[in-house]
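Structure first, commentary second.
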Amino acid sequence: MKNEIVQYIISWLCYERPQAAQRVAYTADVTQHDQYDVIILPNGHLGKDIILPDMNKPVVSCPAKGKYIIHTDIVYTAFFFISRAEEVINTQRDEHGRFLAQYSILGKNSRLLIPLLDEYARLLLKCLNESFPSTGFNNIYLTHDIDSMTQYRHLRGALGGFKRGEWRQVLASWKNIHNDPLYTFPWLVEQDKKVANAQPIYFVKMTSGLGYDYPQYWLKGEDFHQLNAYLLRNGAYTGIHNSYYNMAQRITLDKTVEHPTVYQRFHYLRCPFLKMRLIHQLGYTDDFTMGFADRAGFRLQTTRAVRWIDPEQMQLTQLTLHPLMIMDTTLSNENYMHLTEDEAYYLCQQIIDKVRMHHGDLCILWHNSNLLPTTYHASLYSKIITLLA
């Protein structure tokens, strides 16, 4: 790894404390050991064969008072997960081109609920005799993907409603957008307000409306204009929900909503490396895609935001990755976790507790279109909000 990458990882593991990071060395050169308080031995235990750390061996030794040697290569482990290097080694993908938890060593070894890198950071700070940040959330991101703004206020949706005999619902939606079953934004806004200092973010779909990008809503239309104004008045941020197929340029949405946006999330949580590089080139600063579609938990093995390291080009980028821990459809979908509401709430509690314990950034995703009486997602979201509040 380049020295710039190594230094960044050490600093990040030290919770961005420069003085602490200067006391740590990543080297096998014994002649340098006396110059530092903590030595991390490089051995790259996560490589082509993807071997997890041996939990039966000591992680740390103390050859002298105030001197520690960390035998587990926590720098390379951090690089492996936050750069998504595993996806370079493992080429398995689902029909949408996504790398799923079931393909990962995390899913196969049931390690998704343990933020291993945060545990290593805690260990490193202890060796340095540095206090760990007080428990509590660093940030709370309550995010919502607007995949469908309404059900009946577009041609195909209306025709489908008439065909199913739902003409009363169609007419009610045409009369007032608040009557549309998918227009649940006022409810979401009021729920999110209950969590002090939370940052609500709504990701606006920038697509053609074809194929997996269906349906599309008109960003220059009155419905979206009023919704966007309402969200901004209530303290929400907007980001781009980039197309399943082709990338949308950031400038398009900037002109539409009349303020710049730097947040983005890929539609269907698709995030191939080429598109990651492209959003970085387009000027996005923050990505919120980094969660597995099929399993909740810690895809990057951390609860904290981290700069993306391109594992193929070995470059430390300015693109910040915000780990996504919980998505509504992941919990309930019969092809994913298929949990009951009680099971889902218990899992969410475990994840939330881990984020709070490590002073991390909680990031959850709830779709406005999933808050229907036929699902438990409205009830579950209310419970999560109450827990956070």
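Letters A, B, ... mark the chains of the structure tokens in the order given; residue numbers begin at 1 per chain; ligand numbers begin at 1, in order shown.
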
Legend entry - Nearby residues (only C-alpha atoms) at most 8 Å from segment 189-191 of chain A, same-chain spacing under 2 positions excluded, as a PyMOL selection string: chain A and resi 185-187+193-195+231+234+382+385

Go ahead and write the selection's residues with N, CA and C atoms as an mmCIF file, in the first residue's frame.
```cif
data_model
loop_
_atom_site.group_PDB
_atom_site.id
_atom_site.type_symbol
_atom_site.label_atom_id
_atom_site.label_comp_id
_atom_site.auth_asym_id
_atom_site.auth_seq_id
_atom_site.Cartn_x
_atom_site.Cartn_y
_atom_site.Cartn_z
ATOM 1 N N PHE A 185 -44.818 11.513 2.520
ATOM 2 C CA PHE A 185 -43.748 12.412 2.962
ATOM 3 C C PHE A 185 -44.098 13.225 4.203
ATOM 4 N N PRO A 186 -45.303 13.756 4.339
ATOM 5 C CA PRO A 186 -45.624 14.484 5.575
ATOM 6 C C PRO A 186 -45.464 13.615 6.822
ATOM 7 N N TRP A 187 -45.864 12.351 6.716
ATOM 8 C CA TRP A 187 -45.715 11.446 7.861
ATOM 9 C C TRP A 187 -44.238 11.215 8.167
ATOM 10 N N LYS A 193 -38.597 14.447 12.613
ATOM 11 C CA LYS A 193 -38.426 15.603 13.492
ATOM 12 C C LYS A 193 -38.305 15.199 14.954
ATOM 13 N N LYS A 194 -38.762 14.021 15.291
ATOM 14 C CA LYS A 194 -38.736 13.568 16.685
ATOM 15 C C LYS A 194 -37.320 13.237 17.156
ATOM 16 N N VAL A 195 -36.405 13.045 16.211
ATOM 17 C CA VAL A 195 -35.023 12.682 16.558
ATOM 18 C C VAL A 195 -34.164 13.930 16.484
ATOM 19 N N LEU A 231 -39.889 19.750 1.644
ATOM 20 C CA LEU A 231 -38.810 19.048 2.331
ATOM 21 C C LEU A 231 -37.733 20.021 2.800
ATOM 22 N N ASN A 234 -38.584 21.992 5.824
ATOM 23 C CA ASN A 234 -38.578 21.198 7.049
ATOM 24 C C ASN A 234 -37.202 20.621 7.384
ATOM 25 N N SER A 382 -41.762 3.726 13.169
ATOM 26 C CA SER A 382 -42.189 4.473 14.358
ATOM 27 C C SER A 382 -41.459 3.979 15.604
ATOM 28 N N ILE A 385 -37.812 5.181 15.465
ATOM 29 C CA ILE A 385 -37.765 6.607 15.776
ATOM 30 C C ILE A 385 -37.920 6.825 17.282
#
```

Per residue of segment 282-331 of chain A within 9 Å of segment 5-12 of chain A, what are the shortest atom pair and its distance in Å to one decimal, counting only C-alpha atoms, with rows by chain and residue number, as a tab-separated table?
```
residue	atom	partner	partner_atom	distance
A:Val306	CA	A:Trp12	CA	7.6
A:Arg307	CA	A:Tyr8	CA	8.9
A:Ile309	CA	A:Ile5	CA	7.7
A:Met314	CA	A:Ile5	CA	8.2
A:Gln315	CA	A:Ile5	CA	7.5
A:Leu316	CA	A:Ile5	CA	6.1
```

Residues from the last selection, C-alpha atoms, saved as a short mmCIF file (atom, residue, chain, number, x, y, z; two decimals), in the first residue's frame:
```
data_model
loop_
_atom_site.label_atom_id
_atom_site.label_comp_id
_atom_site.auth_asym_id
_atom_site.auth_seq_id
_atom_site.Cartn_x
_atom_site.Cartn_y
_atom_site.Cartn_z
CA VAL A 306 -14.49 6.81 5.79
CA ARG A 307 -12.79 8.02 2.61
CA ILE A 309 -9.67 3.93 -1.31
CA MET A 314 -4.54 2.23 -5.13
CA GLN A 315 -5.67 5.83 -4.72
CA LEU A 316 -7.03 7.57 -1.65
#
```

Inset, instruction - Taking the chain letters and numbering used in this document, name the residues of segment 10-106 of chain A that DSSP puts in strand (DSSP E or B), as a ChimeraX atom specification. - result: /A:24-26,38-40,60-64,67-70

Legend entry - Residue nearest Ala64 of chain A among A:Ala196, A:Thr77, A:Val38, A:Ser208 (counting only C-alpha atoms):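 With only C-alpha atoms as the atom set, the closest residue is A:Val38.
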
Legend entry - Point-to-point distance from atom CA of His359 of chain A to atom CA of Met290 of chain A, Å rounded to tenths: 18.5 Å

Legend entry - All residues 12 Å or closer to Pro63 of chain A, only C-alpha atoms, same chain fewer than 3 positions away omitted, as a ChimeraX atom specification: /A:33-34,37-39,60,66-70

Inset, instruction - Determine, counting only C-alpha atoms, which protein, DNA and RNA residues have an atom within 9 Å of an atom of Asp118 of chain A; residues of the same chain fewer than 2 positions away are not included. Present the result as a list in words. - result: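 My reading of the contact set: Leu13, Ile114, Pro115, Leu116, Tyr120, Ala121, Arg122, Leu123, Gln301, Thr302, Thr303, Arg304, His358 and Gly360 of chain A.
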
Could the residues in this selection be saved with N, CA and C atoms as an mmCIF file, in the first residue's frame?
```
data_model
loop_
_atom_site.group_PDB
_atom_site.id
_atom_site.type_symbol
_atom_site.label_atom_id
_atom_site.label_comp_id
_atom_site.auth_asym_id
_atom_site.auth_seq_id
_atom_site.Cartn_x
_atom_site.Cartn_y
_atom_site.Cartn_z
ATOM 1 N N LEU A 13 -8.179 5.062 12.180
ATOM 2 C CA LEU A 13 -8.323 4.130 13.303
ATOM 3 C C LEU A 13 -8.150 4.835 14.642
ATOM 4 N N ILE A 114 -20.869 -7.328 13.633
ATOM 5 C CA ILE A 114 -19.732 -6.904 14.444
ATOM 6 C C ILE A 114 -18.889 -5.930 13.625
ATOM 7 N N PRO A 115 -18.847 -4.645 13.992
ATOM 8 C CA PRO A 115 -17.988 -3.691 13.273
ATOM 9 C C PRO A 115 -16.533 -3.889 13.680
ATOM 10 N N LEU A 116 -15.885 -4.844 13.033
ATOM 11 C CA LEU A 116 -14.548 -5.285 13.428
ATOM 12 C C LEU A 116 -13.542 -4.146 13.456
ATOM 13 N N TYR A 120 -11.069 -2.819 16.472
ATOM 14 C CA TYR A 120 -9.620 -2.629 16.363
ATOM 15 C C TYR A 120 -9.224 -1.196 16.746
ATOM 16 N N ALA A 121 -10.046 -0.231 16.365
ATOM 17 C CA ALA A 121 -9.761 1.159 16.728
ATOM 18 C C ALA A 121 -9.788 1.329 18.245
ATOM 19 N N ARG A 122 -10.742 0.678 18.877
ATOM 20 C CA ARG A 122 -10.828 0.739 20.338
ATOM 21 C C ARG A 122 -9.566 0.137 20.972
ATOM 22 N N LEU A 123 -9.121 -0.996 20.417
ATOM 23 C CA LEU A 123 -7.904 -1.647 20.904
ATOM 24 C C LEU A 123 -6.687 -0.748 20.724
ATOM 25 N N GLN A 301 -17.553 -2.983 7.758
ATOM 26 C CA GLN A 301 -17.004 -3.384 9.058
ATOM 27 C C GLN A 301 -16.701 -2.198 9.962
ATOM 28 N N THR A 302 -17.443 -1.114 9.772
ATOM 29 C CA THR A 302 -17.296 0.051 10.620
ATOM 30 C C THR A 302 -18.632 0.769 10.729
ATOM 31 N N THR A 303 -18.768 1.535 11.792
ATOM 32 C CA THR A 303 -19.948 2.378 11.975
ATOM 33 C C THR A 303 -19.667 3.820 11.564
ATOM 34 N N ARG A 304 -18.442 4.078 11.103
ATOM 35 C CA ARG A 304 -18.037 5.459 10.859
ATOM 36 C C ARG A 304 -17.822 5.741 9.378
ATOM 37 N N HIS A 358 -19.854 2.688 19.573
ATOM 38 C CA HIS A 358 -18.611 3.079 18.899
ATOM 39 C C HIS A 358 -18.625 4.534 18.451
ATOM 40 N N GLY A 360 -20.509 6.070 16.381
ATOM 41 C CA GLY A 360 -20.527 6.056 14.933
ATOM 42 C C GLY A 360 -21.668 6.849 14.332
#
```

Inset, instruction - Pull the alpha helix (DSSP H) assignments for segment 125-343 of chain A out of DSSP run on the backbone, and list those residues as a PyMOL selection string. - result: chain A and resi 125-127+155-163+167-175+185-193+222-233+250-257+273-282+328-332+341-343

Inset, instruction - Just the residues within 10 Å of Arg98 of chain A, please, counting only C-alpha atoms, with nothing from its chain fewer than 5 positions along; format it as a PyMOL selection string. - result: chain A and resi 87+91-93+268-272+292-293

Inset, instruction - Pick out the residues sitting within 12 Å of Asn246 of chain A, and hand them over as a list in words; count only C-alpha atoms, and ignore anything fewer than 6 positions along from it in its own chain. - result: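 Here the answer would be Lys205, Met206, Thr207, Ser208, Gly209, Leu210, Gly211, Tyr212, Asp213, Phe266, His267, Arg270, Leu274, Lys275, Leu278 and Ile279 of chain A.
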
Store the residues picked out above in a file with N, CA and C atoms, as a CSV table (one decimal), in the first residue's frame.
```
chain,number,residue,atom,x,y,z
A,205,LYS,N,-34.7,10.5,-7.7
A,205,LYS,CA,-34.3,9.5,-8.8
A,205,LYS,C,-34.0,10.3,-10.1
A,206,MET,N,-32.8,10.1,-10.6
A,206,MET,CA,-32.4,10.7,-11.8
A,206,MET,C,-32.3,9.6,-12.9
A,207,THR,N,-33.4,9.3,-13.5
A,207,THR,CA,-33.5,8.1,-14.4
A,207,THR,C,-34.3,8.4,-15.6
A,208,SER,N,-34.3,7.5,-16.6
A,208,SER,CA,-35.1,7.6,-17.8
A,208,SER,C,-36.5,7.1,-17.6
A,209,GLY,N,-36.7,6.3,-16.5
A,209,GLY,CA,-38.0,5.8,-16.2
A,209,GLY,C,-38.2,4.4,-16.9
A,210,LEU,N,-37.2,3.9,-17.6
A,210,LEU,CA,-37.4,2.7,-18.4
A,210,LEU,C,-36.8,1.5,-17.6
A,211,GLY,N,-37.4,0.3,-17.8
A,211,GLY,CA,-36.8,-0.9,-17.2
A,211,GLY,C,-36.9,-0.8,-15.7
A,212,TYR,N,-35.8,-1.1,-15.0
A,212,TYR,CA,-35.7,-1.1,-13.6
A,212,TYR,C,-35.7,0.4,-13.0
A,213,ASP,N,-35.7,1.4,-13.9
A,213,ASP,CA,-35.8,2.7,-13.4
A,213,ASP,C,-37.2,3.2,-13.4
A,266,PHE,N,-26.7,5.0,-5.3
A,266,PHE,CA,-27.0,4.3,-6.5
A,266,PHE,C,-28.4,3.5,-6.4
A,267,HIS,N,-29.2,3.6,-7.4
A,267,HIS,CA,-30.4,2.9,-7.5
A,267,HIS,C,-30.2,1.4,-7.4
A,270,ARG,N,-26.6,-0.6,-6.5
A,270,ARG,CA,-25.6,-1.0,-7.4
A,270,ARG,C,-24.4,-0.1,-7.3
A,274,LEU,N,-16.3,1.3,-11.5
A,274,LEU,CA,-16.3,2.3,-12.6
A,274,LEU,C,-17.2,3.5,-12.3
A,275,LYS,N,-18.4,3.1,-11.7
A,275,LYS,CA,-19.4,4.2,-11.4
A,275,LYS,C,-18.9,4.9,-10.1
A,278,LEU,N,-16.6,7.5,-11.3
A,278,LEU,CA,-17.3,8.5,-12.1
A,278,LEU,C,-18.0,9.5,-11.2
A,279,ILE,N,-18.7,9.0,-10.1
A,279,ILE,CA,-19.3,10.0,-9.2
A,279,ILE,C,-18.3,10.9,-8.5
```

Inset, instruction - Write out as a list in words each polymer residue whose atoms come within 8 Å of segment 371-376 of chain A, counting only C-alpha atoms; drop sequence neighbours fewer than 5 positions from it. - result: Pro181, Leu182, Thr184 and Glu341 of chain A

Write a file of the just-selected residues containing C-alpha atoms, as a PDB file, in the first residue's frame.
```pdb
ATOM      1  CA  PRO A 181     -51.086   6.119  -1.053  1.00  0.00           C
ATOM      2  CA  LEU A 182     -47.389   6.606  -1.850  1.00  0.00           C
ATOM      3  CA  THR A 184     -46.252   9.570   2.689  1.00  0.00           C
ATOM      4  CA  GLU A 341     -41.697  -7.215  12.647  1.00  0.00           C
TER       5      GLU A 341
END
```

Legend entry - Counting only C-alpha atoms, the option among A:Ala236, A:Leu124, A:Leu300, A:Leu106 closest to Asp192 of chain A: A:Ala236

Show me, as CSV, the residues of segment 299-333 of chain A having an atom within 12 Å of segment 345-349 of chain A, each with the closest atom pair and its distance in Å, using only C-alpha atoms.
```
residue,atom,partner,partner_atom,distance
A:Met325,CA,A:Cys348,CA,8.9
A:Ile326,CA,A:Cys348,CA,7.3
A:Met327,CA,A:Cys348,CA,10.0
A:Asp328,CA,A:Cys348,CA,10.4
A:Thr330,CA,A:Cys348,CA,11.6
A:Leu331,CA,A:Leu347,CA,9.1
A:Ser332,CA,A:Tyr345,CA,11.2
```

Take the residues that were just selected and, keeping C-alpha atoms, output them as a PDB file, in the first residue's frame.
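Produced file out.pdb, reproduced below:
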```pdb
ATOM      1  CA  MET A 325     -26.711  -0.410   8.098  1.00  0.00           C
ATOM      2  CA  ILE A 326     -30.457  -0.994   7.747  1.00  0.00           C
ATOM      3  CA  MET A 327     -32.814  -0.923   4.744  1.00  0.00           C
ATOM      4  CA  ASP A 328     -36.536  -1.625   5.084  1.00  0.00           C
ATOM      5  CA  THR A 330     -33.793  -6.029   3.351  1.00  0.00           C
ATOM      6  CA  LEU A 331     -35.623  -6.928   6.546  1.00  0.00           C
ATOM      7  CA  SER A 332     -38.917  -8.069   5.051  1.00  0.00           C
TER       8      SER A 332
END
```
